[in-house]
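Participant: Quick one, structure_2.cif (mmCIF, C-alpha atoms):
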data_start
loop_
_atom_site.label_atom_id
_atom_site.label_comp_id
_atom_site.auth_asym_id
_atom_site.auth_seq_id
_atom_site.Cartn_x
_atom_site.Cartn_y
_atom_site.Cartn_z
CA MET A 24 -1.05 37.05 -51.63
CA SER A 25 1.55 34.50 -52.54
CA PRO A 26 0.88 30.95 -51.46
CA ASP A 27 2.94 29.60 -48.58
CA ILE A 28 5.97 27.75 -49.79
CA ILE A 29 6.16 24.27 -48.36
CA MET A 30 9.75 23.61 -47.35
CA LYS A 31 11.17 20.27 -48.32
CA HIS A 32 12.22 18.32 -45.28
CA LEU A 33 15.88 17.67 -44.65
CA PRO A 34 17.51 14.60 -46.10
CA LYS A 35 18.08 11.99 -43.47
CA HIS A 36 21.85 12.36 -43.13
CA ILE A 37 21.69 16.06 -42.26
CA ARG A 38 18.77 15.90 -39.86
CA PRO A 39 19.73 16.57 -36.26
CA ARG A 40 20.27 13.50 -34.08
CA TRP A 41 18.21 13.39 -30.95
CA ARG A 42 18.40 11.73 -27.59
CA TYR A 43 15.36 11.08 -25.39
CA LEU A 44 15.63 11.27 -21.62
CA ALA A 45 13.18 9.25 -19.55
CA VAL A 46 12.31 11.34 -16.49
CA ALA A 47 10.39 10.13 -13.46
CA ILE A 48 8.56 12.87 -11.52
CA GLU A 49 7.19 12.84 -7.99
CA ALA A 50 5.11 15.51 -6.25
CA ALA A 51 2.43 15.88 -3.60
CA PRO A 52 -0.65 13.69 -4.28
CA ASP A 53 -2.89 16.73 -4.79
CA ALA A 54 -0.50 18.39 -7.25
CA ASP A 55 -1.74 19.19 -10.71
CA ILE A 56 1.00 19.52 -13.30
CA ASP A 57 0.51 19.51 -17.05
CA ARG A 58 2.87 19.26 -19.97
CA GLY A 59 2.89 23.00 -20.64
CA ALA A 60 3.80 23.88 -17.07
CA PHE A 61 6.61 21.32 -17.02
CA GLN A 62 7.93 22.58 -20.35
CA ARG A 63 7.94 26.16 -19.06
CA ALA A 64 9.79 25.12 -15.90
CA LEU A 65 12.32 23.21 -18.01
CA TRP A 66 12.98 26.16 -20.33
CA TYR A 67 13.28 28.46 -17.36
CA ALA A 68 15.75 26.14 -15.62
CA ALA A 69 17.78 25.66 -18.81
CA GLY A 70 17.80 29.39 -19.54
CA ASN A 71 19.02 30.18 -16.06
CA LEU A 72 21.64 27.46 -15.81
CA LEU A 73 22.94 27.17 -19.38
CA GLY A 74 22.22 30.66 -20.64
CA ASP A 75 20.55 31.49 -23.95
CA VAL A 76 23.32 29.89 -25.98
CA GLY A 77 23.47 26.63 -24.05
CA SER A 78 19.72 26.50 -23.84
CA ALA A 79 19.39 26.85 -27.60
CA ASP A 80 22.05 24.17 -28.13
CA ALA A 81 20.32 21.72 -25.82
CA ASP A 82 16.99 22.45 -27.54
CA LEU A 83 14.95 20.85 -24.77
CA THR A 84 11.43 19.76 -25.62
CA VAL A 85 9.00 17.79 -23.49
CA PHE A 86 7.67 15.03 -25.73
CA GLY A 87 5.60 12.68 -23.67
CA PHE A 88 4.10 13.75 -20.38
CA GLU A 89 1.88 11.90 -17.97
CA PHE A 90 1.11 12.93 -14.44
CA ASP A 91 -1.46 11.52 -12.10
CA ALA A 92 -1.90 11.29 -8.35
CA GLY A 93 1.51 12.65 -7.45
CA VAL A 94 3.68 10.59 -9.77
CA GLY A 95 4.47 11.16 -13.40
CA GLU A 96 6.73 10.46 -16.30
CA ALA A 97 8.11 12.66 -19.03
CA ILE A 98 10.18 12.16 -22.13
CA VAL A 99 12.49 15.06 -22.82
CA ARG A 100 14.16 15.42 -26.18
CA THR A 101 17.58 16.98 -26.55
CA ARG A 102 20.26 17.09 -29.20
CA ARG A 103 22.76 14.26 -29.21
CA GLY A 104 25.90 15.40 -27.39
CA GLU A 105 23.94 17.73 -25.11
CA THR A 106 22.61 15.08 -22.76
CA ASP A 107 24.80 16.19 -19.82
CA ALA A 108 23.57 19.76 -20.17
CA ALA A 109 20.00 18.46 -20.40
CA ARG A 110 20.47 16.39 -17.26
CA ALA A 111 21.86 19.41 -15.40
CA ALA A 112 18.97 21.63 -16.48
CA LEU A 113 16.46 18.96 -15.41
CA ALA A 114 18.12 18.65 -12.01
CA CYS A 115 17.61 22.38 -11.47
CA ILE A 116 13.82 22.17 -11.81
CA ASP A 117 12.74 22.60 -8.21
CA ARG A 118 9.18 23.76 -8.69
CA VAL A 119 6.52 23.60 -11.36
CA ASP A 120 3.84 26.26 -10.82
CA ASP A 121 4.85 26.58 -7.15
CA THR A 122 4.56 22.83 -6.61
CA GLN A 123 7.75 21.26 -5.41
CA ILE A 124 8.74 18.25 -7.50
CA GLY A 125 11.36 15.56 -7.24
CA LEU A 126 12.72 14.10 -10.43
CA VAL A 127 15.30 11.65 -11.68
CA VAL A 128 16.53 10.67 -15.13
CA ARG A 129 15.84 6.94 -15.49
CA GLY A 130 17.72 6.52 -18.72
CA ILE A 131 18.50 7.86 -22.19
CA SER A 132 17.53 6.35 -25.53
CA GLY A 133 17.84 7.16 -29.19
CA THR A 134 14.13 6.77 -29.95
CA VAL A 135 10.94 7.63 -28.11
CA ARG A 136 9.75 4.06 -28.29
CA ALA A 137 12.95 2.58 -26.86
CA CYS A 138 12.79 5.19 -24.12
CA GLU A 139 9.23 4.20 -23.17
CA GLU A 140 9.86 0.49 -23.37
CA SER A 141 13.12 0.49 -21.47
CA TYR A 142 12.59 3.00 -18.74
CA LEU A 143 8.99 4.07 -18.29
CA GLY A 144 5.55 2.68 -17.58
CA ASP A 145 5.20 1.46 -14.00
CA GLY A 146 1.44 1.51 -14.31
CA ARG A 147 -1.06 3.82 -12.66
CA PRO A 148 -0.55 4.57 -8.97
CA ASN A 149 -3.25 3.39 -6.63
CA LEU A 150 -4.13 6.06 -4.05
CA THR A 151 -6.06 5.30 -0.88
CA GLU A 152 -7.08 7.54 1.98
CA ASP A 153 -6.38 5.97 5.30
CA SER A 154 -5.95 6.71 8.97
CA VAL A 155 -2.52 5.91 10.33
CA ALA A 156 -0.77 6.13 13.70
CA PHE A 157 2.01 8.69 13.50
CA ALA A 158 3.60 11.04 16.06
CA ASP A 159 1.47 9.73 18.96
CA ASP A 160 -1.88 10.21 17.25
CA GLN A 161 -4.19 8.89 14.54
CA ARG A 162 -3.77 11.01 11.43
CA SER A 163 -5.37 10.98 8.04
CA ALA A 164 -3.00 10.05 5.25
CA ILE A 165 -2.96 9.56 1.50
CA CYS A 166 -1.21 6.26 0.80
CA ARG A 167 0.37 4.94 -2.40
CA ASP A 168 2.17 1.58 -2.35
CA ASP A 169 4.39 1.72 0.73
CA VAL A 170 4.52 5.51 1.02
CA ALA A 171 2.13 7.99 2.59
CA GLU A 172 1.61 11.72 2.88
CA ILE A 173 0.44 12.26 6.43
CA SER A 174 -1.63 15.32 7.28
CA LEU A 175 -0.33 17.17 10.33
CA PRO A 176 -1.44 20.57 11.64
CA GLU A 177 1.73 22.17 10.22
CA GLY A 178 1.31 20.56 6.80
CA PHE A 179 1.96 17.27 5.02
CA VAL A 180 4.78 14.98 6.04
CA ALA A 181 6.09 12.43 3.57
CA ALA A 182 6.57 9.05 5.25
CA THR A 183 6.64 5.33 4.57
CA GLU A 184 4.99 2.34 6.20
CA LEU A 185 7.98 1.96 8.49
CA ASP A 186 6.98 5.17 10.29
CA PHE A 187 3.52 3.96 11.33
CA HIS A 188 3.34 2.64 14.86
CA MET B 11 28.05 7.28 -2.44
CA TYR B 12 26.27 8.93 0.46
CA GLU B 13 24.09 12.00 0.84
CA ALA B 14 23.41 13.99 4.01
CA VAL B 15 19.77 14.96 4.55
CA ALA B 16 17.55 16.71 7.05
CA ALA B 17 14.45 14.82 8.13
CA TYR B 18 11.17 15.25 10.00
CA PRO B 19 10.74 17.10 12.40
CA ALA B 20 13.29 19.50 10.86
CA GLY B 21 12.28 18.62 7.29
CA ASP B 22 9.14 17.61 5.40
CA SER B 23 10.03 13.94 4.94
CA THR B 24 10.80 11.24 7.45
CA VAL B 25 14.13 9.45 7.51
CA SER B 26 12.62 6.33 5.94
CA ARG B 27 11.15 8.33 3.04
CA GLN B 28 14.47 10.05 2.44
CA ALA B 29 16.17 6.66 2.56
CA ARG B 30 13.68 5.11 0.14
CA THR B 31 14.23 7.89 -2.39
CA ALA B 32 18.02 7.89 -1.94
CA ALA B 33 18.14 4.12 -2.47
CA ASP B 34 16.02 4.52 -5.60
CA TYR B 35 18.44 7.17 -6.90
CA GLY B 36 21.45 4.91 -6.38
CA TYR B 37 23.00 6.08 -3.13
CA ASP B 38 24.64 3.57 -0.79
CA GLY B 39 23.72 5.45 2.35
CA ILE B 40 22.39 8.60 3.95
CA VAL B 41 23.61 10.63 6.89
CA VAL B 42 20.76 12.17 8.91
CA ARG B 43 21.58 15.69 9.99
CA THR B 44 18.62 16.09 12.32
CA ARG B 45 19.31 15.22 15.94
CA ASN B 46 15.72 14.65 17.08
CA ALA B 47 14.66 12.54 14.12
CA THR B 48 13.51 9.11 15.21
CA PHE B 49 14.21 6.10 13.02
CA ASP B 50 15.11 2.44 13.06
CA ALA B 51 18.25 2.21 10.94
CA ASP B 52 18.19 -1.61 10.71
CA ALA B 53 14.54 -1.77 9.62
CA ILE B 54 15.12 0.84 6.92
CA SER B 55 18.30 -0.84 5.82
CA ASN B 56 16.57 -4.24 5.54
CA ARG B 57 13.61 -2.81 3.66
CA TYR B 58 15.30 -0.49 1.19
CA GLY B 59 18.89 -1.76 1.09
CA ILE B 60 20.52 1.49 2.11
CA GLU B 61 22.63 2.36 5.09
CA VAL B 62 21.26 5.04 7.45
CA VAL B 63 23.69 6.83 9.72
CA GLY B 64 22.66 9.20 12.48
CA GLY B 65 24.48 12.49 12.53
CA ILE B 66 24.06 15.80 14.28
CA GLU B 67 24.35 19.19 12.64
CA VAL B 68 25.21 21.70 15.32
CA ASP B 69 23.61 25.04 14.54
CA ALA B 70 25.04 27.53 16.99
CA ALA B 71 25.26 31.29 17.00
CA ASP B 72 28.89 31.50 18.09
CA PRO B 73 31.94 29.26 18.68
CA GLU B 74 31.40 29.12 22.45
CA SER B 75 27.95 27.56 22.23
CA ALA B 76 29.07 25.37 19.31
CA ALA B 77 31.93 24.04 21.47
CA GLY B 78 29.44 23.10 24.19
CA ALA B 79 27.25 21.22 21.73
CA VAL B 80 30.26 19.48 20.17
CA GLY B 81 31.38 18.28 23.61
CA ASN B 82 27.87 17.01 24.43
CA HIS B 83 27.14 15.21 21.20
CA ARG B 84 30.50 13.95 19.90
CA SER B 85 30.23 10.58 21.60
CA GLU B 86 26.65 9.85 20.53
CA CYS B 87 26.89 10.09 16.76
CA PRO B 88 29.15 8.78 13.99
CA VAL B 89 29.06 12.05 12.04
CA LEU B 90 29.26 15.45 13.68
CA LEU B 91 28.60 18.49 11.53
CA VAL B 92 28.84 22.14 12.44
CA ARG B 93 26.95 24.71 10.44
CA GLY B 94 29.17 27.58 9.44
CA GLY B 95 28.04 30.87 8.00
CA THR B 96 30.05 33.34 10.07
CA ASN B 97 33.79 33.88 10.04
CA ALA B 98 34.12 32.96 13.71
CA LEU B 99 32.20 29.69 13.32
CA ASN B 100 34.07 28.71 10.16
CA ARG B 101 37.37 29.36 11.90
CA TYR B 102 36.34 27.40 14.98
CA ALA B 103 35.07 24.41 12.96
CA VAL B 104 38.14 23.93 10.77
CA GLU B 105 40.46 24.12 13.78
CA THR B 106 38.64 21.48 15.83
CA ASP B 107 39.72 17.86 15.29
CA ARG B 108 36.54 16.47 16.81
CA ILE B 109 34.37 17.99 14.09
CA ASP B 110 33.91 15.97 10.90
CA VAL B 111 32.25 18.46 8.57
CA LEU B 112 31.88 22.22 8.32
CA THR B 113 28.58 22.76 6.49
CA ARG B 114 27.51 25.78 4.42
CA PRO B 115 30.66 27.80 5.08
CA MET B 116 29.71 30.44 2.51
CA ALA B 117 26.10 30.95 3.62
CA GLY B 118 25.19 34.33 5.06
CA ASP B 119 28.24 36.42 5.93
CA GLY B 120 30.61 33.47 6.00
CA GLU B 121 33.94 33.74 4.24
CA PHE B 122 36.70 31.26 3.59
CA ASN B 123 40.38 31.85 2.96
CA HIS B 124 43.74 30.14 2.65
CA VAL B 125 44.25 30.07 6.43
CA LEU B 126 41.02 28.15 6.94
CA ALA B 127 41.74 25.83 4.01
CA ARG B 128 45.13 24.92 5.50
CA ALA B 129 43.59 24.41 8.93
CA ALA B 130 40.89 22.17 7.44
CA LYS B 131 43.57 19.96 5.91
CA THR B 132 45.62 19.84 9.11
CA HIS B 133 42.65 18.98 11.30
CA ARG B 134 40.96 16.75 8.71
CA VAL B 135 37.71 18.69 8.84
CA HIS B 136 35.71 18.24 5.63
CA VAL B 137 34.39 21.40 4.02
CA GLU B 138 30.93 21.07 2.48
CA PHE B 139 30.05 22.19 -1.03
CA ASP B 140 26.38 23.02 -0.66
CA LEU B 141 24.72 22.59 -4.06
CA GLY B 142 21.26 23.35 -2.61
CA PRO B 143 21.09 27.02 -3.65
CA VAL B 144 22.29 26.12 -7.16
CA LEU B 145 19.39 23.71 -7.55
CA ARG B 146 16.67 25.64 -5.74
CA ARG B 147 17.35 29.37 -5.86
CA SER B 148 17.41 31.78 -8.77
CA GLY B 149 18.66 35.23 -9.61
CA GLY B 150 20.92 37.13 -7.20
CA PRO B 151 21.09 34.60 -4.34
CA ARG B 152 22.02 31.90 -6.83
CA VAL B 153 24.75 34.00 -8.38
CA GLN B 154 26.18 34.66 -4.92
CA ALA B 155 26.03 30.96 -4.06
CA LEU B 156 27.88 30.14 -7.30
CA GLN B 157 30.52 32.75 -6.52
CA GLY B 158 30.95 31.26 -3.06
CA LEU B 159 31.26 27.74 -4.46
CA ARG B 160 33.87 28.86 -6.94
CA LYS B 161 35.98 30.57 -4.32
CA LEU B 162 35.70 27.60 -2.00
CA ARG B 163 36.60 25.20 -4.80
CA GLU B 164 39.70 27.13 -5.76
CA LEU B 165 40.93 27.15 -2.15
CA VAL B 166 40.11 23.49 -1.56
CA GLU B 167 41.94 22.50 -4.75
CA GLN B 168 44.94 24.68 -3.96
CA TYR B 169 45.41 23.40 -0.40
CA ASP B 170 44.06 19.89 -0.94
CA ALA B 171 41.56 20.22 1.90
CA PRO B 172 39.08 17.37 2.43
CA PHE B 173 35.55 18.08 1.20
CA VAL B 174 32.05 16.67 0.92
CA VAL B 175 29.22 17.44 -1.49
CA SER B 176 25.54 17.63 -0.55
CA VAL B 177 22.33 19.25 -1.74
CA ASN B 178 21.06 19.82 1.81
CA ALA B 179 17.68 18.25 1.11
CA ASP B 180 14.91 19.03 3.64
CA SER B 181 12.47 16.89 1.71
CA HIS B 182 12.91 13.75 -0.39
CA ARG B 183 11.78 15.81 -3.38
CA GLN B 184 14.89 17.95 -3.10
CA LEU B 185 17.18 14.94 -3.49
CA ARG B 186 18.90 14.47 -6.84
CA ALA B 187 20.70 11.40 -8.18
CA PRO B 188 24.52 11.32 -8.33
CA ARG B 189 24.54 11.47 -12.14
CA GLU B 190 22.44 14.63 -12.06
CA LEU B 191 24.74 16.23 -9.49
CA GLN B 192 27.74 15.38 -11.64
CA ALA B 193 26.05 17.03 -14.62
CA VAL B 194 25.23 20.15 -12.60
CA GLY B 195 28.74 20.16 -11.13
CA GLU B 196 30.28 20.11 -14.59
CA GLN B 197 28.15 23.08 -15.63
CA ILE B 198 29.33 25.14 -12.65
CA GLY B 199 33.03 24.31 -12.89
CA PHE B 200 33.53 21.10 -10.91
CA THR B 201 34.68 17.87 -12.51
CA ALA B 202 32.44 14.82 -12.30
CA ASP B 203 35.17 13.10 -10.28
CA GLN B 204 35.16 15.88 -7.70
CA ILE B 205 31.42 15.50 -7.17
CA THR B 206 31.77 11.71 -6.87
CA ALA B 207 34.65 12.12 -4.42
CA GLY B 208 32.58 14.58 -2.38
CA LEU B 209 29.66 12.16 -2.16
CA GLU B 210 31.93 9.23 -1.31
CA ALA B 211 33.69 11.23 1.40
CA TRP B 212 30.57 10.94 3.61
CA GLY B 213 31.00 7.16 3.56
CA GLU B 214 34.69 7.51 4.40
CA ILE B 215 33.88 9.68 7.41
CA VAL B 216 31.36 7.10 8.63
CA ALA B 217 33.87 4.27 8.19
CA ARG B 218 36.63 6.23 9.93
CA ASN B 219 34.51 7.09 12.93
CA ARG B 220 33.13 3.57 13.23
CA GLY B 221 36.72 2.34 13.29
CA ARG B 222 37.46 4.78 16.09
CA ALA B 223 34.46 3.63 18.09
CA ASP B 224 35.73 0.04 17.81
CA GLU B 225 37.08 -1.21 21.12
CA ARG B 226 40.27 -2.40 19.40
CA PHE B 227 41.08 1.18 18.47
CA ILE B 228 43.69 2.83 20.68
CA GLU B 229 44.83 5.86 18.68
CA PRO B 230 45.23 6.61 14.98
CA GLY B 231 47.57 3.94 13.60
CA VAL B 232 47.47 1.83 16.76
CA ARG B 233 45.02 -1.06 17.22
CA ARG B 234 44.86 -3.84 19.75
CA GLY B 235 46.29 -6.92 18.04
CA ARG B 236 45.02 -10.49 17.86
CA TYR B 237 47.38 -11.82 20.48
CA GLU B 238 46.76 -9.26 23.21
CA PRO B 239 45.20 -10.70 26.36
#
Let me see whether you can do it: turn the structure in this file into C-alpha cells.
Facilitator:
Amino acid sequence: MSPDIIMKHLPKHIRPRWRYLAVAIEAAPDADIDRGAFQRALWYAAGNLLGDVGSADADLTVFGFEFDAGVGEAIVRTRRGETDAARAALACIDRVDDTQIGLVVRGISGTVRACEESYLGDGRPNLTEDSVAFADDQRSAICRDDVAEISLPEGFVAATELDFH
Amino acid sequence: MYEAVAAYPAGDSTVSRQARTAADYGYDGIVVRTRNATFDADAISNRYGIEVVGGIEVDAADPESAAGAVGNHRSECPVLLVRGGTNALNRYAVETDRIDVLTRPMAGDGEFNHVLARAAKTHRVHVEFDLGPVLRRSGGPRVQALQGLRKLRELVEQYDAPFVVSVNADSHRQLRAPRELQAVGEQIGFTADQITAGLEAWGEIVARNRGRADERFIEPGVRRGRYEP
C-alpha cells in the first residue's frame, strides 16, 4: 500500500477568496436545531433555487452555529462574488427539520472574526415562563425580552408585550 | 419600504410581533391584511418605530360577493385588497377603481393576460407579485408559481401596470428583509429595482389614500385651497 500523498496547500494568491455572512435565526422557543440540520437545509435550499451549478459556485458552508432557546446565530461562508446568490438561498430556508425558522443576514465580512465582532453576539437569551392576559383570558407564555409565545388551544401565538392587557 | 402581512387571528403572530420583526429587518411600515386583527397602531409605532396601516384583504368566491365586501369596507380602511385566483375575480378586481391591490392573481386557476394588464393600468389597481411560494414551497408547486410570476412580470412590464411585491407572511418568521427579497428576485428574473419599487408601492398606496381621506380633497387633482372660506 502506497502512503497517502500529502498535498501541498495552495499559495496564498491562488486560494479562493471567501465572504462570511452573519445570519440571525429565530424559531419557536422549544425548537432544537443543530449545525448539521441547518447545513442540510441550506444545501437543499441552494440546490433547489440555484441548481447544481449555482450551488457548487456558491459553495455554501455553515461555519459557526449557535442556537439556544429559540434564537441563534450562524456564520455562512461563500465565495467572494457569490454573496447575492448566497443571500437568496438563505432567504429560501423556510424550515429546518420541520421547524419553521425566520432568518436575516445581518452583514457580510471578509473574515470570520470581523463577522463575529461586527454583527453577532447579542448574548444569551433569558427565557421565563409566565402567565399573561391575552384574548380575554390568562394564558401561559414563554417570554424573552419584550416578546412572548403564548399558548392557546389552537397552538402558539407569537406576540409582544403590547398585546398583553 | 412596506410589507403586507397577515396577523393573528388569521396568522400565527400578532400585529405587534410582525411590526417588531419588520422594523428589525428595515421596513418603514406594514399593511395588515387581516380585518379582525386588533392592534394599537400608535403604540406599536412609538415602541418599534414603524408605521402600521390597517388593510382588508377581501377573500370572496365570486365577483358579486367581492363587490358587496368592497362596498362595505372601502371607507373603513386605507388599503383595500382583493384576493384573486380565478379569472372572474381577477377581471373584476383590475376593472374596479375602488380596489387598491389584486393579490395572488396566479394562485389556483387564476390567469392573467394583456386585457387585464391594460385594465390594471387604466384603473390604477396594483397587481401583487406573491413571492411566498418561491420562499416556502418546493418541487412542482414552486415551479408553477415561478412560471406564473414570470408570465405576470412580462405582462406588467409590457403594459406598465402598477404592481406591489409581498411574501404574504402569516407569521413573523416568514418575513424576509428587503435585501434578501432583492437577491431572490434577481435569481428568478426580476431586477433589484423592481423588487424595491414593488415594496415601496405599498407606501405610495397608503399615502394616496390618506390624501383622499383628507377633508381638503375634492377629486383627483382638485384640493380645497388656503383661501377658501
Participant: Evaluating the PyMOL selection byres ((chain A) within 8 of (chain B)) on the displayed file yields which residues, as a PDB file with C-alpha atoms, keeping the file's coordinate frame?
Facilitator:
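This is the output file result-v8.pdb:
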ATOM      1  CA  GLU A  49       7.190  12.840  -7.990  1.00  0.00           C
ATOM      2  CA  ALA A  50       5.110  15.510  -6.250  1.00  0.00           C
ATOM      3  CA  ASN A  71      19.020  30.180 -16.060  1.00  0.00           C
ATOM      4  CA  LEU A  72      21.640  27.460 -15.810  1.00  0.00           C
ATOM      5  CA  LEU A  73      22.940  27.170 -19.380  1.00  0.00           C
ATOM      6  CA  ASP A 107      24.800  16.190 -19.820  1.00  0.00           C
ATOM      7  CA  ALA A 108      23.570  19.760 -20.170  1.00  0.00           C
ATOM      8  CA  ARG A 110      20.470  16.390 -17.260  1.00  0.00           C
ATOM      9  CA  ALA A 111      21.860  19.410 -15.400  1.00  0.00           C
ATOM     10  CA  ALA A 112      18.970  21.630 -16.480  1.00  0.00           C
ATOM     11  CA  ALA A 114      18.120  18.650 -12.010  1.00  0.00           C
ATOM     12  CA  CYS A 115      17.610  22.380 -11.470  1.00  0.00           C
ATOM     13  CA  ILE A 116      13.820  22.170 -11.810  1.00  0.00           C
ATOM     14  CA  ASP A 117      12.740  22.600  -8.210  1.00  0.00           C
ATOM     15  CA  GLN A 123       7.750  21.260  -5.410  1.00  0.00           C
ATOM     16  CA  ILE A 124       8.740  18.250  -7.500  1.00  0.00           C
ATOM     17  CA  GLY A 125      11.360  15.560  -7.240  1.00  0.00           C
ATOM     18  CA  LEU A 126      12.720  14.100 -10.430  1.00  0.00           C
ATOM     19  CA  VAL A 127      15.300  11.650 -11.680  1.00  0.00           C
ATOM     20  CA  VAL A 128      16.530  10.670 -15.130  1.00  0.00           C
ATOM     21  CA  VAL A 170       4.520   5.510   1.020  1.00  0.00           C
ATOM     22  CA  PHE A 179       1.960  17.270   5.020  1.00  0.00           C
ATOM     23  CA  VAL A 180       4.780  14.980   6.040  1.00  0.00           C
ATOM     24  CA  ALA A 181       6.090  12.430   3.570  1.00  0.00           C
ATOM     25  CA  ALA A 182       6.570   9.050   5.250  1.00  0.00           C
ATOM     26  CA  THR A 183       6.640   5.330   4.570  1.00  0.00           C
ATOM     27  CA  LEU A 185       7.980   1.960   8.490  1.00  0.00           C
ATOM     28  CA  ASP A 186       6.980   5.170  10.290  1.00  0.00           C
TER      29      ASP A 186
END
Participant: B:Ala33, B:Arg218, B:Gly199, B:Gly81: which is nearest B:Val62, counting only C-alpha atoms?
Facilitator: B:Ala33
Participant: Could you give me, as an MDAnalysis selection string, the residues within 10 Å of B:Arg134, counting all atoms listed in the file and dropping anything in the same chain fewer than 6 positions from it?
Facilitator: chainID B and resid 104:111 128 171:173
Participant: Neighbours of A:Gln161 within 10 Å (all atoms listed in the file; same-chain residues fewer than 6 positions away dropped), as a VMD selection string?
Facilitator: chain A and resid 153 to 155 173 187 to 188
Participant: Could those residues be written to a file, using C-alpha atoms, as a PDB file, in the coordinates of the input?
Facilitator:
ATOM      1  CA  ASP A 153      -6.380   5.970   5.300  1.00  0.00           C
ATOM      2  CA  SER A 154      -5.950   6.710   8.970  1.00  0.00           C
ATOM      3  CA  VAL A 155      -2.520   5.910  10.330  1.00  0.00           C
ATOM      4  CA  ILE A 173       0.440  12.260   6.430  1.00  0.00           C
ATOM      5  CA  PHE A 187       3.520   3.960  11.330  1.00  0.00           C
ATOM      6  CA  HIS A 188       3.340   2.640  14.860  1.00  0.00           C
TER       7      HIS A 188
END
Participant: Point out the residue among A:Leu113, A:Ala54, A:Ala81, A:Ala60 with the least atom-to-atom distance to A:Arg40, counting all atoms listed in the file.
Facilitator: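 For A:Arg40, the nearest of the given residues is A:Ala81.
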Participant: Translate the PyMOL selection byres ((chain B and resi 116-127) around 8), as applied to the file shown, into an explicit residue set as number ranges by chain.
Facilitator: B: 94-97, 100-101, 104-105, 114-115, 128-131, 155, 158-159, 161-162, 165-166, 169, 171
Participant: My list of candidates is A:Cys138, A:Ile98, A:Leu175, A:Ile37. Which is closest to A:Ala156 when distances are computed with only C-alpha atoms?
Facilitator: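 Closest residue, counting only C-alpha atoms: A:Leu175.
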Participant: If we count only C-alpha atoms and set the cut-off at 8 Å, which residues sit around A:Arg129, ignoring sequence neighbours fewer than 5 positions away in its own chain? Please answer as a ChimeraX atom specification.
Facilitator: /A:44-47,142-143
Participant: Could you write out as an NGL selection string the residues that the PyMOL selection byres ((chain A and resi 86) around 12) matches in the shown file?
Facilitator: :A and (41-46 or 58-59 or 61-62 or 83-85 or 87-89 or 96-101 or 134-136 or 138-139)
Participant: Write out as a short mmCIF file (atom, residue, chain, number, x, y, z; two decimals) with C-alpha atoms, in the coordinates of the input each polymer residue whose atoms come within 12 Å of B:Val80, counting all atoms listed in the file; drop sequence neighbours fewer than 6 positions from it.
Facilitator:
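Generated file (part.cif):
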data_model
loop_
_atom_site.label_atom_id
_atom_site.label_comp_id
_atom_site.auth_asym_id
_atom_site.auth_seq_id
_atom_site.Cartn_x
_atom_site.Cartn_y
_atom_site.Cartn_z
CA GLY B 65 24.48 12.49 12.53
CA ILE B 66 24.06 15.80 14.28
CA GLU B 67 24.35 19.19 12.64
CA VAL B 68 25.21 21.70 15.32
CA ASP B 69 23.61 25.04 14.54
CA ALA B 70 25.04 27.53 16.99
CA PRO B 73 31.94 29.26 18.68
CA GLU B 74 31.40 29.12 22.45
CA GLU B 86 26.65 9.85 20.53
CA CYS B 87 26.89 10.09 16.76
CA VAL B 89 29.06 12.05 12.04
CA LEU B 90 29.26 15.45 13.68
CA LEU B 91 28.60 18.49 11.53
CA VAL B 92 28.84 22.14 12.44
CA ARG B 93 26.95 24.71 10.44
CA TYR B 102 36.34 27.40 14.98
CA ALA B 103 35.07 24.41 12.96
CA THR B 106 38.64 21.48 15.83
CA ASP B 107 39.72 17.86 15.29
CA ARG B 108 36.54 16.47 16.81
CA ILE B 109 34.37 17.99 14.09
CA ASP B 110 33.91 15.97 10.90
CA VAL B 111 32.25 18.46 8.57
#
Participant: Report the distance between atom CA of B:Pro88 and atom CA of B:Gln204 in Å, rounded to one decimal place.
Facilitator: 23.6 Å
Participant: What's the separation between atom CA of A:Val119 and atom CA of A:Ile56, in Å to one decimal place?
Facilitator: 7.1 Å
